[in-house]
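Quick look at model_25.pdb (PDB, C-alpha atoms):
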```
ATOM      1  CA  MET A   1      26.705  79.658  70.277
ATOM      2  CA  LEU A   2      29.807  77.917  68.935
ATOM      3  CA  ARG A   3      28.958  78.734  65.350
ATOM      4  CA  LEU A   4      28.547  82.396  66.124
ATOM      5  CA  LEU A   5      31.756  82.473  68.113
ATOM      6  CA  SER A   6      33.700  80.742  65.288
ATOM      7  CA  ALA A   7      32.375  83.222  62.723
ATOM      8  CA  ALA A   8      33.298  86.169  64.918
ATOM      9  CA  ILE A   9      36.784  84.903  65.470
ATOM     10  CA  GLY A  10      37.621  83.893  61.954
ATOM     11  CA  GLY A  11      35.871  86.655  60.210
ATOM     12  CA  GLY A  12      34.044  84.352  57.760
ATOM     13  CA  PRO A  13      31.428  81.589  57.563
ATOM     14  CA  PRO A  14      31.630  78.698  59.979
ATOM     15  CA  ARG A  15      34.091  75.948  58.910
ATOM     16  CA  SER A  16      31.571  73.130  59.371
ATOM     17  CA  GLU A  17      29.116  74.639  56.830
ATOM     18  CA  GLU A  18      31.875  75.336  54.318
ATOM     19  CA  PHE A  19      33.117  71.729  54.595
ATOM     20  CA  MET A  20      29.636  70.255  54.040
ATOM     21  CA  ARG A  21      29.019  72.409  50.967
ATOM     22  CA  ARG A  22      32.256  71.227  49.391
ATOM     23  CA  ARG A  23      31.535  67.570  50.145
ATOM     24  CA  LEU A  24      28.029  67.628  48.680
ATOM     25  CA  SER A  25      28.876  69.529  45.536
ATOM     26  CA  SER A  26      32.102  67.701  44.576
ATOM     27  CA  PRO A  27      31.671  65.627  41.275
ATOM     28  CA  THR A  28      34.660  63.524  42.230
ATOM     29  CA  LEU A  29      32.901  62.281  45.314
ATOM     30  CA  VAL A  30      29.731  61.387  43.375
ATOM     31  CA  ILE A  31      31.704  59.415  40.781
ATOM     32  CA  ALA A  32      33.717  57.636  43.433
ATOM     33  CA  CYS A  33      30.565  56.586  45.283
ATOM     34  CA  LEU A  34      28.964  55.337  42.072
ATOM     35  CA  ALA A  35      32.057  53.326  41.188
ATOM     36  CA  LEU A  36      32.089  51.791  44.633
ATOM     37  CA  PHE A  37      28.418  50.822  44.304
ATOM     38  CA  VAL A  38      28.926  49.212  40.919
ATOM     39  CA  SER A  39      31.973  47.298  42.096
ATOM     40  CA  LEU A  40      30.012  45.890  45.024
ATOM     41  CA  THR A  41      26.772  45.030  43.158
ATOM     42  CA  GLY A  42      27.884  44.677  39.533
ATOM     43  CA  SER A  43      28.240  40.887  39.609
ATOM     44  CA  SER A  44      24.700  40.395  40.882
ATOM     45  CA  ILE A  45      23.296  42.795  38.264
ATOM     46  CA  ALA A  46      25.162  41.076  35.461
ATOM     47  CA  ALA A  47      24.107  37.636  36.641
ATOM     48  CA  SER A  48      20.417  38.549  36.408
ATOM     49  CA  HIS A  49      20.891  39.735  32.772
ATOM     50  CA  TYR A  50      23.353  37.093  31.514
ATOM     51  CA  LEU A  51      23.355  36.821  27.707
ATOM     52  CA  ILE A  52      23.765  33.254  26.320
ATOM     53  CA  THR A  53      25.282  33.158  22.867
ATOM     54  CA  SER A  54      26.283  29.486  22.584
ATOM     55  CA  THR A  55      25.124  26.089  23.828
ATOM     56  CA  LYS A  56      28.640  25.604  25.162
ATOM     57  CA  GLN A  57      27.643  27.972  27.952
ATOM     58  CA  ILE A  58      24.970  25.505  29.160
ATOM     59  CA  LYS A  59      25.613  22.212  30.883
ATOM     60  CA  PRO A  60      24.685  19.151  28.765
ATOM     61  CA  SER A  61      22.422  17.855  31.519
ATOM     62  CA  VAL A  62      20.470  21.107  31.350
ATOM     63  CA  ILE A  63      20.285  21.085  27.545
ATOM     64  CA  SER A  64      18.756  17.583  27.583
ATOM     65  CA  LYS A  65      15.855  18.898  29.659
ATOM     66  CA  LEU A  66      15.175  21.917  27.442
ATOM     67  CA  LYS A  67      12.408  20.278  25.378
ATOM     68  CA  GLY A  68       9.255  22.137  24.518
ATOM     69  CA  ALA A  69       5.848  20.665  23.711
ATOM     70  CA  LYS A  70       5.382  19.136  20.260
ATOM     71  CA  GLY A  71       3.843  21.595  17.859
ATOM     72  CA  SER A  72       0.909  20.920  15.538
ATOM     73  CA  THR A  73       1.511  19.368  12.137
ATOM     74  CA  GLY A  74       2.239  21.934   9.491
ATOM     75  CA  PRO A  75       0.468  22.164   6.110
ATOM     76  CA  ARG A  76       1.353  19.637   3.431
ATOM     77  CA  GLY A  77       4.106  20.842   1.184
ATOM     78  CA  LEU A  78       3.981  20.973  -2.586
ATOM     79  CA  GLN A  79       4.844  17.847  -4.541
ATOM     80  CA  GLY A  80       8.457  17.771  -5.510
ATOM     81  CA  ALA A  81       9.783  17.320  -9.002
ATOM     82  CA  ALA A  82      10.041  13.812 -10.432
ATOM     83  CA  GLY A  83      13.311  12.104  -9.696
ATOM     84  CA  ALA A  84      15.702  10.783 -12.252
ATOM     85  CA  THR A  85      14.981   7.450 -13.922
ATOM     86  CA  GLY A  86      16.536   4.584 -12.022
ATOM     87  CA  ALA A  87      18.888   2.049 -13.460
ATOM     88  CA  THR A  88      17.462  -0.868 -15.419
ATOM     89  CA  GLY A  89      16.989  -3.929 -13.276
ATOM     90  CA  ALA A  90      18.408  -7.335 -13.973
ATOM     91  CA  THR A  91      16.619  -9.611 -16.420
ATOM     92  CA  GLY A  92      14.285 -12.024 -14.682
ATOM     93  CA  ALA A  93      14.382 -15.765 -14.974
ATOM     94  CA  THR A  94      12.742 -17.390 -17.967
ATOM     95  CA  GLY A  95       9.181 -18.431 -17.214
ATOM     96  CA  PRO A  96       7.660 -21.792 -18.062
ATOM     97  CA  SER A  97       6.720 -22.355 -21.658
ATOM     98  CA  GLY A  98       3.069 -21.828 -22.493
ATOM     99  CA  ILE A  99       1.034 -23.249 -25.345
ATOM    100  CA  ALA A 100       3.174 -25.139 -27.837
ATOM    101  CA  GLY A 101       0.382 -26.045 -30.273
ATOM    102  CA  ILE A 102      -3.379 -25.909 -30.812
ATOM    103  CA  VAL A 103      -5.519 -28.586 -32.441
ATOM    104  CA  GLU A 104      -9.273 -28.939 -32.841
ATOM    105  CA  VAL A 105     -10.887 -32.312 -32.335
ATOM    106  CA  GLN A 106     -14.476 -33.103 -33.253
ATOM    107  CA  GLY A 107     -16.327 -36.159 -32.003
ATOM    108  CA  ALA A 108     -18.575 -38.406 -34.092
ATOM    109  CA  GLU A 109     -22.049 -37.138 -34.961
ATOM    110  CA  LEU A 110     -25.181 -38.407 -33.265
ATOM    111  CA  THR A 111     -28.656 -38.147 -34.849
ATOM    112  CA  LEU A 112     -31.603 -38.002 -32.471
ATOM    113  CA  PRO A 113     -35.230 -38.375 -33.623
ATOM    114  CA  PRO A 114     -37.847 -36.063 -32.072
ATOM    115  CA  GLY A 115     -38.274 -36.743 -28.376
ATOM    116  CA  TYR A 116     -35.043 -38.752 -28.047
ATOM    117  CA  TYR A 117     -31.915 -37.918 -26.056
ATOM    118  CA  GLY A 118     -28.379 -39.303 -26.067
ATOM    119  CA  THR A 119     -24.650 -38.730 -25.714
ATOM    120  CA  PRO A 120     -22.513 -38.300 -28.842
ATOM    121  CA  ALA A 121     -18.971 -39.696 -28.845
ATOM    122  CA  PRO A 122     -16.600 -37.552 -26.774
ATOM    123  CA  ALA A 123     -13.969 -35.397 -28.497
ATOM    124  CA  THR A 124     -10.663 -36.618 -27.077
ATOM    125  CA  CYS A 125      -7.406 -34.620 -27.225
ATOM    126  CA  PRO A 126      -4.181 -36.224 -28.526
ATOM    127  CA  SER A 127      -1.719 -37.559 -25.970
ATOM    128  CA  GLY A 128       0.101 -34.742 -24.223
ATOM    129  CA  TYR A 129      -2.692 -32.214 -24.942
ATOM    130  CA  VAL A 130      -5.383 -30.824 -22.680
ATOM    131  CA  VAL A 131      -8.721 -29.152 -23.336
ATOM    132  CA  VAL A 132      -8.596 -25.355 -23.407
ATOM    133  CA  GLY A 133     -11.939 -24.791 -25.147
ATOM    134  CA  THR A 134     -15.244 -26.571 -25.859
ATOM    135  CA  GLY A 135     -17.928 -26.417 -28.514
ATOM    136  CA  TRP A 136     -20.642 -28.344 -30.302
ATOM    137  CA  ASP A 137     -21.980 -28.544 -33.829
ATOM    138  CA  GLY A 138     -25.673 -28.918 -34.646
ATOM    139  CA  VAL A 139     -28.906 -27.132 -35.362
ATOM    140  CA  MET A 140     -29.747 -24.433 -32.864
ATOM    141  CA  GLY A 141     -33.232 -24.605 -31.534
ATOM    142  CA  ASP A 142     -35.349 -26.615 -29.147
ATOM    143  CA  ILE A 143     -32.755 -28.812 -27.499
ATOM    144  CA  GLY A 144     -31.716 -29.638 -23.997
ATOM    145  CA  ALA A 145     -27.977 -30.123 -23.704
ATOM    146  CA  PHE A 146     -24.735 -29.721 -21.819
ATOM    147  CA  VAL A 147     -21.187 -29.632 -23.223
ATOM    148  CA  LYS A 148     -18.371 -29.856 -20.696
ATOM    149  CA  SER A 149     -14.587 -30.204 -20.519
ATOM    150  CA  TYR A 150     -13.108 -33.159 -18.640
ATOM    151  CA  HIS A 151      -9.474 -32.060 -18.915
ATOM    152  CA  THR A 152      -8.443 -34.350 -21.774
ATOM    153  CA  PHE A 153     -11.801 -34.801 -23.538
ATOM    154  CA  VAL A 154     -15.086 -33.022 -24.085
ATOM    155  CA  GLY A 155     -18.363 -34.820 -23.403
ATOM    156  CA  GLY A 156     -21.946 -33.817 -24.051
ATOM    157  CA  TRP A 157     -25.563 -34.815 -23.693
ATOM    158  CA  PHE A 158     -28.399 -33.713 -25.988
ATOM    159  CA  GLU A 159     -32.182 -33.968 -26.055
ATOM    160  CA  ASN A 160     -34.173 -33.420 -29.265
ATOM    161  CA  GLN A 161     -37.167 -31.348 -28.284
ATOM    162  CA  TYR A 162     -38.305 -30.724 -31.849
ATOM    163  CA  ALA A 163     -41.715 -32.071 -32.678
ATOM    164  CA  SER A 164     -41.004 -33.366 -36.198
ATOM    165  CA  MET A 165     -37.302 -32.915 -37.056
ATOM    166  CA  ASP A 166     -34.251 -35.036 -36.433
ATOM    167  CA  LEU A 167     -31.322 -33.458 -34.554
ATOM    168  CA  THR A 168     -27.734 -34.232 -35.615
ATOM    169  CA  VAL A 169     -25.072 -33.043 -33.126
ATOM    170  CA  SER A 170     -21.420 -33.524 -32.232
ATOM    171  CA  VAL A 171     -19.065 -32.092 -29.600
ATOM    172  CA  GLN A 172     -15.758 -30.298 -30.200
ATOM    173  CA  ALA A 173     -12.589 -29.906 -28.166
ATOM    174  CA  ILE A 174      -9.925 -27.220 -28.569
ATOM    175  CA  CYS A 175      -6.751 -28.919 -27.378
ATOM    176  CA  ALA A 176      -3.357 -27.408 -26.556
ATOM    177  CA  GLN A 177       0.053 -28.825 -25.777
ATOM    178  CA  LEU A 178       1.137 -27.155 -22.541
ATOM    179  CA  SER A 179       4.111 -27.252 -20.241
ATOM    180  CA  SER A 180       3.783 -29.463 -17.187
ATOM    181  CA  THR A 181       3.307 -26.390 -14.994
ATOM    182  CA  SER A 182       0.519 -24.941 -17.146
ATOM    183  CA  ALA A 183      -1.199 -28.302 -17.549
ATOM    184  CA  SER A 184      -1.250 -28.960 -13.812
ATOM    185  CA  SER A 185      -3.064 -25.656 -13.253
ATOM    186  CA  LEU A 186      -6.015 -27.013 -15.282
ATOM    187  CA  GLY A 187      -6.542 -29.959 -12.954
ATOM    188  CA  THR A 188      -4.825 -33.055 -11.623
ATOM    189  CA  SER A 189      -7.668 -35.577 -11.737
ATOM    190  CA  SER A 190      -7.047 -38.909 -13.452
ATOM    191  CA  LEU A 191      -8.729 -40.064 -16.650
ATOM    192  CA  GLN A 192     -10.764 -42.580 -14.649
ATOM    193  CA  GLU A 193     -12.041 -39.827 -12.346
ATOM    194  CA  ASP A 194     -12.950 -37.634 -15.328
ATOM    195  CA  GLN A 195     -14.833 -40.489 -17.021
ATOM    196  CA  GLY A 196     -16.696 -41.220 -13.782
ATOM    197  CA  GLN A 197     -17.697 -37.556 -13.499
ATOM    198  CA  TYR A 198     -18.906 -37.576 -17.105
ATOM    199  CA  ARG A 199     -21.155 -40.588 -16.502
ATOM    200  CA  ALA A 200     -22.568 -38.931 -13.373
ATOM    201  CA  ASP A 201     -23.358 -35.742 -15.305
ATOM    202  CA  VAL A 202     -25.129 -37.740 -18.061
ATOM    203  CA  ALA A 203     -27.204 -39.636 -15.475
ATOM    204  CA  ALA A 204     -28.273 -36.378 -13.827
ATOM    205  CA  ALA A 205     -29.297 -34.923 -17.221
ATOM    206  CA  LYS A 206     -31.405 -38.015 -18.025
ATOM    207  CA  LEU A 207     -33.223 -37.778 -14.718
ATOM    208  CA  ALA A 208     -33.995 -34.123 -15.362
ATOM    209  CA  ALA A 209     -35.322 -34.925 -18.849
ATOM    210  CA  GLU A 210     -37.500 -37.756 -17.589
ATOM    211  CA  ALA A 211     -38.869 -35.552 -14.838
ATOM    212  CA  ARG A 212     -40.038 -33.052 -17.465
ATOM    213  CA  ASP A 213     -41.878 -35.692 -19.523
TER     214      ASP A 213
END
```

What's the C-alpha cells form of this structure?
Amino acid sequence: MLRLLSAAIGGGPPRSEEFMRRRLSSPTLVIACLALFVSLTGSSIAASHYLITSTKQIKPSVISKLKGAKGSTGPRGLQGAAGATGATGATGATGPSGIAGIVEVQGAELTLPPGYYGTPAPATCPSGYVVVGTGWDGVMGDIGAFVKSYHTFVGGWFENQYASMDLTVSVQAICAQLSSTSASSLGTSSLQEDQGQYRADVAAAKLAAEARD
C-alpha cells in the first residue's frame, strides 16, 4: 500500500526501489568493498604465501634444524689429470759402507781312498773378513758331503763312495771385508762357538755314514 501511494503521489517509481538499483549497480561501491576486504585480510593472505629470498630472513636457530636426510653416494668421477712434479727432496744421509774387498781362500786338499771319509782343512778368511760365499773343489760323482759357512771360515766333510777311485777334495771360501754394520748382520757368534758347531756337524755326518754301512 505504501509503495503504491508513493508512486501515485510522486508520479514515478518508488524511491526505495530506485535507491536499491543505484546501490547494487554502482562500480564505486564494488571497488570500495573489495579494497576494504583486502585491507582487512591482506596480511593473512600474504603470510600464507610468504616468499623467502635470503637466509637472512630465517632465524639461525631454525636454519640449524633444516637438515635433510643424507643422500646416496654418487657415481665415481673421472680420474683427474696428473699433477705437477713436486720439488726434489733433500739428499739422504750416507749409508754404511758395503763390501770393501773380495778374496778367495782355498783350504788344503784331502785325498780319500774308496770307502773312506774325512774333513779337509777349513778355508779361513783373513782377519777383518767374513764369508760371503762357499764352494768346494773335487771330482763330482759318488760322494757324501757337506760344505758350510761358519762366518769366518768354511768347513766341510766328505765321504768317498767310489768303488775303486781315490777322491781328492778341498773347500773354498769367498771372503769380503765389510763394514761393522754389514758384518754384524751375518752373525754375532764367536769363533769358539763356530768351531764347536763345525765339530758337531762333522760328528753328525759320521754317524749318518756309519749308519749306512

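A straight line drawn from CA of Gln177 (chain A) to CA of Gly156 (chain A) is 22.6 Å long.
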
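Using all atoms listed in the file, the shortest contact distance between Glu104 (chain A) and any of A:Thr134, A:Ser127, A:Gln195, A:Gln79 is found at A:Thr134.
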
Residues proximal to (-22.9, -28.2, -33.9) were defined as those with any atom within 12 Å of that point in the file's coordinates, counting all atoms listed in the file. Which are they, as a PDB file with C-alpha atoms, in the coordinates of the input?
```pdb
ATOM      1  CA  GLN A 106     -14.476 -33.103 -33.253  1.00  0.00           C
ATOM      2  CA  GLY A 107     -16.327 -36.159 -32.003  1.00  0.00           C
ATOM      3  CA  ALA A 108     -18.575 -38.406 -34.092  1.00  0.00           C
ATOM      4  CA  GLU A 109     -22.049 -37.138 -34.961  1.00  0.00           C
ATOM      5  CA  LEU A 110     -25.181 -38.407 -33.265  1.00  0.00           C
ATOM      6  CA  THR A 111     -28.656 -38.147 -34.849  1.00  0.00           C
ATOM      7  CA  PRO A 120     -22.513 -38.300 -28.842  1.00  0.00           C
ATOM      8  CA  THR A 134     -15.244 -26.571 -25.859  1.00  0.00           C
ATOM      9  CA  GLY A 135     -17.928 -26.417 -28.514  1.00  0.00           C
ATOM     10  CA  TRP A 136     -20.642 -28.344 -30.302  1.00  0.00           C
ATOM     11  CA  ASP A 137     -21.980 -28.544 -33.829  1.00  0.00           C
ATOM     12  CA  GLY A 138     -25.673 -28.918 -34.646  1.00  0.00           C
ATOM     13  CA  VAL A 139     -28.906 -27.132 -35.362  1.00  0.00           C
ATOM     14  CA  MET A 140     -29.747 -24.433 -32.864  1.00  0.00           C
ATOM     15  CA  GLY A 141     -33.232 -24.605 -31.534  1.00  0.00           C
ATOM     16  CA  ILE A 143     -32.755 -28.812 -27.499  1.00  0.00           C
ATOM     17  CA  ALA A 145     -27.977 -30.123 -23.704  1.00  0.00           C
ATOM     18  CA  VAL A 147     -21.187 -29.632 -23.223  1.00  0.00           C
ATOM     19  CA  GLY A 156     -21.946 -33.817 -24.051  1.00  0.00           C
ATOM     20  CA  PHE A 158     -28.399 -33.713 -25.988  1.00  0.00           C
ATOM     21  CA  LEU A 167     -31.322 -33.458 -34.554  1.00  0.00           C
ATOM     22  CA  THR A 168     -27.734 -34.232 -35.615  1.00  0.00           C
ATOM     23  CA  VAL A 169     -25.072 -33.043 -33.126  1.00  0.00           C
ATOM     24  CA  SER A 170     -21.420 -33.524 -32.232  1.00  0.00           C
ATOM     25  CA  VAL A 171     -19.065 -32.092 -29.600  1.00  0.00           C
ATOM     26  CA  GLN A 172     -15.758 -30.298 -30.200  1.00  0.00           C
ATOM     27  CA  ALA A 173     -12.589 -29.906 -28.166  1.00  0.00           C
TER      28      ALA A 173
END
```

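Summary of the local environment: counting only C-alpha atoms, residues at most 12 Å from Gln192 (chain A), other than itself and those fewer than 6 positions away along its chain, are A:Tyr150, A:His151, A:Thr152, A:Phe153, A:Tyr198, A:Arg199.
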
Taken to one decimal, the CA of Ala200 (chain A)-CA of Leu112 (chain A) distance is 21.1 Å

Figure out the distance between CA of Trp157 (chain A) and CA of Ala176 (chain A), please, to one decimal in Å.
23.6 Å
